[in-house]
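*Asks:* Have a peek at data_9.tsv (TSV, C-alpha atoms).
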```
chain	number	residue	atom	x	y	z
A	461	MET	CA	63.42	-19.23	-166.85
A	462	THR	CA	65.88	-16.45	-166.00
A	463	LEU	CA	65.84	-15.46	-162.33
A	464	PHE	CA	67.63	-12.16	-162.99
A	465	THR	CA	70.66	-10.88	-164.85
A	466	PRO	CA	73.45	-10.02	-162.40
A	467	GLN	CA	75.03	-6.62	-162.98
A	468	PRO	CA	77.97	-5.12	-161.12
A	469	ILE	CA	77.06	-2.20	-158.85
A	470	GLY	CA	80.79	-1.59	-158.45
A	471	TYR	CA	84.19	-3.22	-158.09
A	472	VAL	CA	86.56	-4.13	-155.27
A	473	ARG	CA	89.95	-2.40	-155.18
A	474	SER	CA	92.42	-4.49	-153.24
A	475	SER	CA	96.12	-5.34	-153.20
A	476	TYR	CA	95.36	-8.94	-154.20
A	477	LYS	CA	96.16	-9.56	-157.87
A	478	ASP	CA	96.25	-13.36	-157.62
A	479	THR	CA	94.14	-15.76	-155.53
A	480	ARG	CA	97.34	-17.33	-154.16
A	481	GLU	CA	98.03	-14.06	-152.28
A	482	ILE	CA	94.79	-14.28	-150.28
A	483	PRO	CA	95.21	-15.88	-146.83
A	484	LYS	CA	93.15	-19.09	-146.66
A	485	GLY	CA	92.59	-21.93	-144.27
A	486	LEU	CA	92.57	-22.17	-140.51
A	487	GLY	CA	93.36	-19.01	-138.63
A	488	ALA	CA	93.57	-16.92	-141.81
A	489	LYS	CA	93.35	-13.25	-140.89
A	490	HIS	CA	91.47	-10.85	-143.11
A	491	ASP	CA	92.35	-7.42	-141.82
A	492	VAL	CA	93.57	-6.05	-145.12
A	493	GLU	CA	92.13	-2.69	-146.18
A	494	GLY	CA	90.60	-2.04	-149.55
A	495	VAL	CA	88.00	0.02	-151.33
A	496	LEU	CA	84.49	-0.76	-152.55
A	497	GLU	CA	84.20	1.43	-155.63
A	498	VAL	CA	80.50	1.85	-156.31
A	499	LEU	CA	79.56	2.99	-159.82
A	500	PRO	CA	78.36	6.62	-159.95
A	501	GLU	CA	74.88	5.65	-161.18
A	502	PHE	CA	74.30	3.68	-157.95
A	503	GLY	CA	75.83	6.30	-155.62
A	504	LEU	CA	72.48	7.53	-154.27
A	505	GLY	CA	71.95	4.02	-152.89
A	506	LEU	CA	74.78	4.65	-150.39
A	507	THR	CA	72.82	7.38	-148.56
A	508	ASP	CA	73.26	6.93	-144.77
A	509	ILE	CA	75.55	3.94	-145.13
A	510	GLU	CA	78.28	5.65	-143.08
A	511	GLY	CA	76.24	5.05	-139.91
A	512	PHE	CA	76.95	1.33	-140.07
A	513	SER	CA	80.17	-0.11	-138.71
A	514	HIS	CA	79.99	-3.33	-140.71
A	515	LEU	CA	78.67	-4.21	-144.15
A	516	ILE	CA	77.83	-7.45	-145.92
A	517	VAL	CA	79.33	-7.49	-149.41
A	518	ILE	CA	77.96	-9.95	-151.96
A	519	TRP	CA	80.23	-10.41	-154.94
A	520	VAL	CA	81.06	-12.68	-157.87
A	521	PHE	CA	83.86	-15.26	-158.05
A	522	ASP	CA	84.49	-14.10	-161.61
A	523	HIS	CA	87.70	-16.17	-161.98
A	524	SER	CA	85.96	-19.39	-160.95
A	525	GLN	CA	84.97	-21.98	-163.57
A	526	GLY	CA	82.28	-24.58	-162.93
A	527	PHE	CA	81.47	-26.10	-159.56
A	528	GLU	CA	82.37	-29.05	-157.39
A	529	LEU	CA	79.75	-30.43	-154.96
A	530	LEU	CA	82.37	-32.16	-152.79
A	531	GLY	CA	85.78	-30.62	-152.28
A	532	THR	CA	88.68	-30.43	-149.86
A	533	PRO	CA	89.13	-26.90	-148.49
A	534	PRO	CA	92.54	-25.43	-147.56
A	535	SER	CA	91.57	-25.68	-143.87
A	536	ASP	CA	91.22	-29.47	-143.81
A	537	ASN	CA	92.47	-32.65	-145.46
A	538	ARG	CA	88.99	-34.15	-145.70
A	539	PRO	CA	86.33	-33.40	-148.31
A	540	HIS	CA	83.15	-31.48	-147.41
A	541	GLY	CA	80.04	-30.43	-149.29
A	542	VAL	CA	80.30	-27.11	-151.12
A	543	PHE	CA	77.43	-25.63	-149.05
A	544	ALA	CA	79.41	-26.40	-145.87
A	545	THR	CA	82.46	-24.51	-147.20
A	546	ARG	CA	83.42	-21.14	-148.67
A	547	SER	CA	84.74	-22.74	-151.87
A	548	PRO	CA	84.70	-20.50	-154.97
A	549	ARG	CA	83.51	-23.42	-157.12
A	550	ARG	CA	79.80	-23.10	-156.31
A	551	PRO	CA	76.68	-23.69	-158.46
A	552	ASN	CA	76.14	-19.92	-158.27
A	553	PRO	CA	79.62	-18.34	-157.99
A	554	VAL	CA	78.63	-15.85	-155.31
A	555	GLY	CA	80.98	-14.80	-152.51
A	556	LEU	CA	80.19	-13.04	-149.26
A	557	THR	CA	82.46	-10.97	-147.06
A	558	ILE	CA	81.78	-9.02	-143.88
A	559	VAL	CA	83.84	-5.84	-143.88
A	560	GLU	CA	84.30	-3.00	-141.41
A	561	LEU	CA	83.46	0.39	-142.91
A	562	LEU	CA	86.29	2.80	-142.13
A	563	SER	CA	85.23	5.84	-144.11
A	564	ARG	CA	83.31	6.99	-147.13
A	565	ASP	CA	84.61	9.26	-149.84
A	566	GLY	CA	81.76	9.86	-152.29
A	567	THR	CA	81.07	6.51	-153.92
A	568	ARG	CA	84.27	4.95	-152.53
A	569	LEU	CA	83.92	2.97	-149.32
A	570	HIS	CA	87.18	2.38	-147.46
A	571	VAL	CA	86.85	-0.93	-145.65
A	572	ARG	CA	88.84	-3.43	-143.59
A	573	GLY	CA	88.59	-7.17	-144.02
A	574	VAL	CA	88.91	-7.54	-147.77
A	575	ASP	CA	89.53	-11.06	-149.09
A	576	MET	CA	88.58	-10.44	-152.72
A	577	LEU	CA	90.79	-9.99	-155.75
A	578	ASP	CA	91.30	-6.54	-157.19
A	579	GLY	CA	88.58	-5.91	-159.77
A	580	THR	CA	86.02	-8.29	-158.23
A	581	PRO	CA	82.49	-7.33	-159.34
A	582	ILE	CA	80.19	-6.38	-156.45
A	583	LEU	CA	76.52	-7.43	-156.66
A	584	ASP	CA	75.17	-5.98	-153.46
A	585	ILE	CA	75.98	-4.23	-150.20
A	586	LYS	CA	73.78	-4.69	-147.15
A	587	PRO	CA	74.02	-3.34	-143.60
A	588	TYR	CA	75.19	-5.87	-141.01
A	589	LEU	CA	72.49	-5.63	-138.37
A	590	SER	CA	72.97	-8.35	-135.78
A	591	SER	CA	75.19	-11.23	-134.79
A	592	VAL	CA	74.57	-14.75	-133.65
A	593	PRO	CA	76.03	-14.82	-130.11
A	594	ALA	CA	79.31	-16.77	-130.06
A	595	GLU	CA	77.99	-19.18	-127.42
A	596	LYS	CA	75.17	-20.25	-129.74
A	597	LEU	CA	77.42	-20.99	-132.70
A	598	ARG	CA	78.57	-24.46	-133.77
A	599	ARG	CA	81.12	-24.62	-136.58
A	600	GLY	CA	81.06	-28.32	-137.52
A	601	TRP	CA	84.00	-29.72	-139.47
A	602	LEU	CA	85.90	-26.45	-139.17
A	603	ALA	CA	85.99	-26.63	-135.37
A	604	GLU	CA	87.03	-30.29	-135.62
A	605	ALA	CA	89.84	-29.49	-138.08
A	606	GLU	CA	91.05	-26.73	-135.75
A	607	ALA	CA	91.00	-29.13	-132.79
A	608	ARG	CA	92.99	-31.75	-134.74
A	609	ARG	CA	95.57	-29.15	-135.75
A	610	ASN	CA	96.00	-27.91	-132.19
A	611	LYS	CA	96.60	-31.39	-130.75
B	1354	MET	CA	79.25	-9.21	-170.44
B	1355	THR	CA	77.32	-11.81	-168.45
B	1356	LEU	CA	78.72	-12.33	-164.94
B	1357	PHE	CA	76.90	-15.65	-164.52
B	1358	THR	CA	73.41	-17.07	-164.98
B	1359	PRO	CA	71.72	-17.55	-161.61
B	1360	GLN	CA	70.11	-20.96	-161.16
B	1361	PRO	CA	68.06	-22.17	-158.19
B	1362	ILE	CA	69.81	-24.80	-156.08
B	1363	GLY	CA	66.50	-25.28	-154.27
B	1364	TYR	CA	63.43	-23.54	-152.90
B	1365	VAL	CA	62.22	-22.24	-149.56
B	1366	ARG	CA	59.14	-23.87	-148.04
B	1367	SER	CA	57.50	-21.51	-145.58
B	1368	SER	CA	54.06	-20.58	-144.32
B	1369	TYR	CA	54.31	-17.15	-145.94
B	1370	LYS	CA	52.21	-16.94	-149.11
B	1371	ASP	CA	52.16	-13.13	-149.31
B	1372	THR	CA	54.82	-10.56	-148.44
B	1373	ARG	CA	52.31	-8.76	-146.20
B	1374	GLU	CA	52.41	-11.75	-143.81
B	1375	ILE	CA	56.16	-11.38	-143.18
B	1376	PRO	CA	57.00	-9.39	-140.04
B	1377	LYS	CA	58.92	-6.24	-141.01
B	1378	GLY	CA	60.24	-3.15	-139.35
B	1379	LEU	CA	61.64	-2.47	-135.90
B	1380	GLY	CA	61.66	-5.36	-133.51
B	1381	ALA	CA	60.34	-7.82	-136.10
B	1382	LYS	CA	60.98	-11.35	-134.89
B	1383	HIS	CA	61.95	-14.03	-137.34
B	1384	ASP	CA	61.66	-17.26	-135.42
B	1385	VAL	CA	59.34	-18.96	-137.86
B	1386	GLU	CA	60.37	-22.45	-138.95
B	1387	GLY	CA	60.59	-23.55	-142.54
B	1388	VAL	CA	62.42	-25.87	-144.89
B	1389	LEU	CA	65.21	-25.31	-147.40
B	1390	GLU	CA	64.41	-27.86	-150.09
B	1391	VAL	CA	67.63	-28.44	-152.00
B	1392	LEU	CA	67.26	-30.00	-155.46
B	1393	PRO	CA	68.41	-33.65	-155.56
B	1394	GLU	CA	71.19	-32.92	-158.08
B	1395	PHE	CA	72.85	-30.59	-155.54
B	1396	GLY	CA	72.32	-32.88	-152.54
B	1397	LEU	CA	75.96	-34.00	-152.37
B	1398	GLY	CA	76.89	-30.37	-151.68
B	1399	LEU	CA	75.16	-30.63	-148.28
B	1400	THR	CA	77.72	-33.17	-146.97
B	1401	ASP	CA	78.67	-32.26	-143.36
B	1402	ILE	CA	76.33	-29.28	-143.22
B	1403	GLU	CA	74.58	-30.68	-140.12
B	1404	GLY	CA	77.64	-29.76	-138.03
B	1405	PHE	CA	76.83	-26.06	-138.33
B	1406	SER	CA	74.28	-24.41	-136.08
B	1407	HIS	CA	73.65	-21.45	-138.39
B	1408	LEU	CA	73.60	-21.01	-142.15
B	1409	ILE	CA	73.68	-18.03	-144.49
B	1410	VAL	CA	71.02	-18.37	-147.17
B	1411	ILE	CA	71.30	-16.26	-150.32
B	1412	TRP	CA	68.08	-16.12	-152.31
B	1413	VAL	CA	66.21	-14.19	-154.98
B	1414	PHE	CA	63.48	-11.59	-154.44
B	1415	ASP	CA	61.62	-13.15	-157.36
B	1416	HIS	CA	58.46	-11.08	-156.80
B	1417	SER	CA	60.38	-7.79	-156.86
B	1418	GLN	CA	60.30	-5.56	-159.95
B	1419	GLY	CA	62.97	-2.96	-160.63
B	1420	PHE	CA	64.90	-1.06	-157.99
B	1421	GLU	CA	64.80	2.16	-156.01
B	1422	LEU	CA	68.07	3.76	-154.88
B	1423	LEU	CA	66.40	5.78	-152.12
B	1424	GLY	CA	63.44	4.38	-150.23
B	1425	THR	CA	61.63	4.54	-146.90
B	1426	PRO	CA	61.81	1.21	-145.08
B	1427	PRO	CA	59.01	-0.07	-142.79
B	1428	SER	CA	61.26	0.58	-139.78
B	1429	ASP	CA	61.52	4.34	-140.30
B	1430	ASN	CA	59.66	7.33	-141.74
B	1431	ARG	CA	62.79	8.74	-143.40
B	1432	PRO	CA	64.32	7.62	-146.70
B	1433	HIS	CA	67.64	5.76	-146.79
B	1434	GLY	CA	69.89	4.42	-149.53
B	1435	VAL	CA	69.05	0.93	-150.73
B	1436	PHE	CA	72.50	-0.35	-149.69
B	1437	ALA	CA	71.79	0.83	-146.13
B	1438	THR	CA	68.53	-1.14	-146.02
B	1439	ARG	CA	67.17	-4.64	-146.63
B	1440	SER	CA	64.73	-3.40	-149.30
B	1441	PRO	CA	63.71	-6.00	-151.91
B	1442	ARG	CA	63.94	-3.37	-154.68
B	1443	ARG	CA	67.71	-3.68	-155.23
B	1444	PRO	CA	69.81	-3.44	-158.42
B	1445	ASN	CA	70.49	-7.17	-158.00
B	1446	PRO	CA	67.38	-8.64	-156.30
B	1447	VAL	CA	69.34	-10.79	-153.87
B	1448	GLY	CA	68.20	-11.44	-150.31
B	1449	LEU	CA	70.15	-12.83	-147.38
B	1450	THR	CA	68.87	-14.57	-144.28
B	1451	ILE	CA	70.71	-16.15	-141.35
B	1452	VAL	CA	68.86	-19.26	-140.21
B	1453	GLU	CA	69.39	-21.75	-137.44
B	1454	LEU	CA	69.71	-25.31	-138.72
B	1455	LEU	CA	67.39	-27.55	-136.68
B	1456	SER	CA	67.75	-30.83	-138.54
B	1457	ARG	CA	68.45	-32.38	-141.89
B	1458	ASP	CA	66.30	-34.92	-143.65
B	1459	GLY	CA	68.10	-35.88	-146.87
B	1460	THR	CA	68.07	-32.75	-149.03
B	1461	ARG	CA	65.54	-30.98	-146.77
B	1462	LEU	CA	67.00	-28.65	-144.17
B	1463	HIS	CA	64.63	-27.76	-141.35
B	1464	VAL	CA	65.51	-24.27	-140.17
B	1465	ARG	CA	64.35	-21.50	-137.86
B	1466	GLY	CA	64.37	-17.84	-138.79
B	1467	VAL	CA	62.68	-17.90	-142.17
B	1468	ASP	CA	61.56	-14.56	-143.59
B	1469	MET	CA	61.12	-15.62	-147.20
B	1470	LEU	CA	57.96	-16.37	-149.16
B	1471	ASP	CA	57.06	-19.97	-149.88
B	1472	GLY	CA	58.66	-20.97	-153.18
B	1473	THR	CA	61.56	-18.49	-152.99
B	1474	PRO	CA	64.47	-19.66	-155.17
B	1475	ILE	CA	67.68	-20.29	-153.22
B	1476	LEU	CA	70.98	-19.36	-154.88
B	1477	ASP	CA	73.45	-20.45	-152.24
B	1478	ILE	CA	73.91	-21.78	-148.73
B	1479	LYS	CA	77.06	-21.01	-146.76
B	1480	PRO	CA	78.16	-21.92	-143.24
B	1481	TYR	CA	77.95	-19.07	-140.71
B	1482	LEU	CA	81.43	-19.05	-139.23
B	1483	SER	CA	81.87	-16.04	-137.00
B	1484	SER	CA	80.10	-13.01	-135.62
B	1485	VAL	CA	81.02	-9.40	-135.22
B	1486	PRO	CA	80.94	-8.87	-131.41
B	1487	ALA	CA	77.86	-6.85	-130.40
B	1488	GLU	CA	80.00	-4.17	-128.73
B	1489	LYS	CA	81.76	-3.45	-132.03
B	1490	LEU	CA	78.57	-3.02	-134.04
B	1491	ARG	CA	77.04	0.34	-135.03
B	1492	ARG	CA	73.64	0.20	-136.72
B	1493	GLY	CA	73.26	3.74	-138.07
B	1494	TRP	CA	69.78	4.99	-138.95
B	1495	LEU	CA	68.20	1.81	-137.60
B	1496	ALA	CA	69.50	2.44	-134.08
B	1497	GLU	CA	68.36	6.08	-134.36
B	1498	ALA	CA	64.89	5.05	-135.50
B	1499	GLU	CA	64.65	2.63	-132.57
B	1500	ALA	CA	65.75	5.35	-130.15
B	1501	ARG	CA	63.11	7.75	-131.53
B	1502	ARG	CA	60.41	5.11	-131.20
B	1503	ASN	CA	61.35	4.33	-127.61
B	1504	LYS	CA	61.27	7.96	-126.50
```
In structure tokens, write the structure found in this file.

*Replies:*
Amino acid sequence: MTLFTPQPIGYVRSSYKDTREIPKGLGAKHDVEGVLEVLPEFGLGLTDIEGFSHLIVIWVFDHSQGFELLGTPPSDNRPHGVFATRSPRRPNPVGLTIVELLSRDGTRLHVRGVDMLDGTPILDIKPYLSSVPAEKLRRGWLAEAEARRNK
Amino acid sequence: MTLFTPQPIGYVRSSYKDTREIPKGLGAKHDVEGVLEVLPEFGLGLTDIEGFSHLIVIWVFDHSQGFELLGTPPSDNRPHGVFATRSPRRPNPVGLTIVELLSRDGTRLHVRGVDMLDGTPILDIKPYLSSVPAEKLRRGWLAEAEARRNK
């Protein structure tokens, strides 16, 4: 049974040509600017998108091979389950990034907060509508790893 | 070129048997509880997930046929681009829901905030790590539609 056949609606343009250039681990900042280049045939789907300050970008880890259910992320020295991490080696190699929309130029969206390689295929763009208040958020092993590092 | 072949890592169990039962539009509340039933072969990937209060669930609109680049959502009487809405009729029929993790029972995650149909295939689960502060968020046509309704 095929769920669906993923197709790129566009590609990320960023300064990252190699995964080693992308900041990872605790305290990694993602304020790099880049462009979401939407394919012309999907351009109509961007109507009214400029009203949103933040977008959810769903994309493909197209350089990732296979998956690992338990792995040690760059932010810790202990292994965690793949669904409790942002590892690229996932059963479905789908990435997610929240970006700030700076401007739109036709089918090119200029954004801040890119952590994808140049040429990354984009599957979907959704408006970011609401946040979980910070005081209601628990961040499990990541908060613990941060606390250990700051000791 | 095939990007990847989506496979379910599990299924949503919810009380919703028909899309008409799911609250939609302005002010829709999603505090319904449900279960993310992860398949046993992916269970190891849930290691340490119970430390996170909120999860990002990526799933498939498996009842959706085709896509519509411009459509009128239930929350407005004006058409908007598909990438500025949560419409199910997307080029890649991928949905995203933020849920609150209530408890874990083996490979069953009890969660609050379900807006998916019973039986929805899950593609991925990721930890929710940080929020965009409310004061930095602009919500475009949705905020305008709310303002018109409240006049």

*Asks:* Extract, using only C-alpha atoms, all DNA, RNA and protein residues at most 9 Å from Thr580 in chain A, discarding same-chain residues fewer than 4 positions from it, and format them as JSON, numbers by chain.

*Replies:* {"A": [470, 471, 472, 473, 474, 519, 520, 521, 522, 523, 576]}

*Asks:* Restricting the calculation to all atoms listed in the file: of A:Lys477, A:Lys586, A:His570, A:Arg549, which residue gets closest to chain B?

*Replies:*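 Closest to chain B of all the choices is A:Lys586.
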
*Asks:* Nearest residue to chain A out of B:Pro1432, B:Gly1378, B:Pro1427, B:Gly1466, using all atoms listed in the file?

*Replies:*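 Checking each of B:Pro1432, B:Gly1378, B:Pro1427, B:Gly1466 against chain A, counting all atoms listed in the file, the winner is B:Pro1432.
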
*Asks:* For the atom pair CA of Val492 in chain A and CA of Thr557 in chain A, what is the interatomic distance in Å to one decimal place?

*Replies:* 12.3 Å

*Asks:* Using all atoms listed in the file, which residues of chain A come within 6 Å of chain B, and what is the closest atom pair for each, with the distance in Å to one decimal? Give it as a tab-separated table, sorted by chain and residue number.

*Replies:*
```
residue	atom	partner	partner_atom	distance
A:Leu504	CA	B:Leu1422	CA	5.8
A:Gly505	CA	B:Gly1434	CA	4.0
A:Leu506	CA	B:Gly1434	CA	5.0
A:Thr507	CA	B:Gly1434	CA	4.3
A:Ile509	CA	B:Ala1437	CA	5.0
A:Gly511	CA	B:Gly1493	CA	3.7
A:Phe512	CA	B:Gly1493	CA	4.8
A:Ser513	CA	B:Arg1491	CA	4.9
A:Leu529	CA	B:Gly1398	CA	4.4
A:Leu530	CA	B:Gly1398	CA	5.9
A:His540	CA	B:Thr1400	CA	5.7
A:Gly541	CA	B:Gly1398	CA	4.0
A:Val542	CA	B:Gly1398	CA	4.8
A:Phe543	CA	B:Lys1479	CA	5.2
A:Ala544	CA	B:Ile1402	CA	5.0
A:Ile585	CA	B:Phe1436	CA	5.2
A:Lys586	CA	B:Phe1436	CA	5.2
A:Pro587	CA	B:Ala1437	CA	5.4
A:Ser591	CA	B:Ser1484	CA	5.3
A:Leu597	CA	B:Ser1406	CA	5.7
A:Arg598	CA	B:Ser1406	CA	4.9
A:Arg599	CA	B:Phe1405	CA	4.9
A:Gly600	CA	B:Gly1404	CA	3.7
```

*Asks:* Just how far from CA of Leu1455 in chain B is CA of Arg609 in chain A, in Å to one decimal?

*Replies:* 28.2 Å
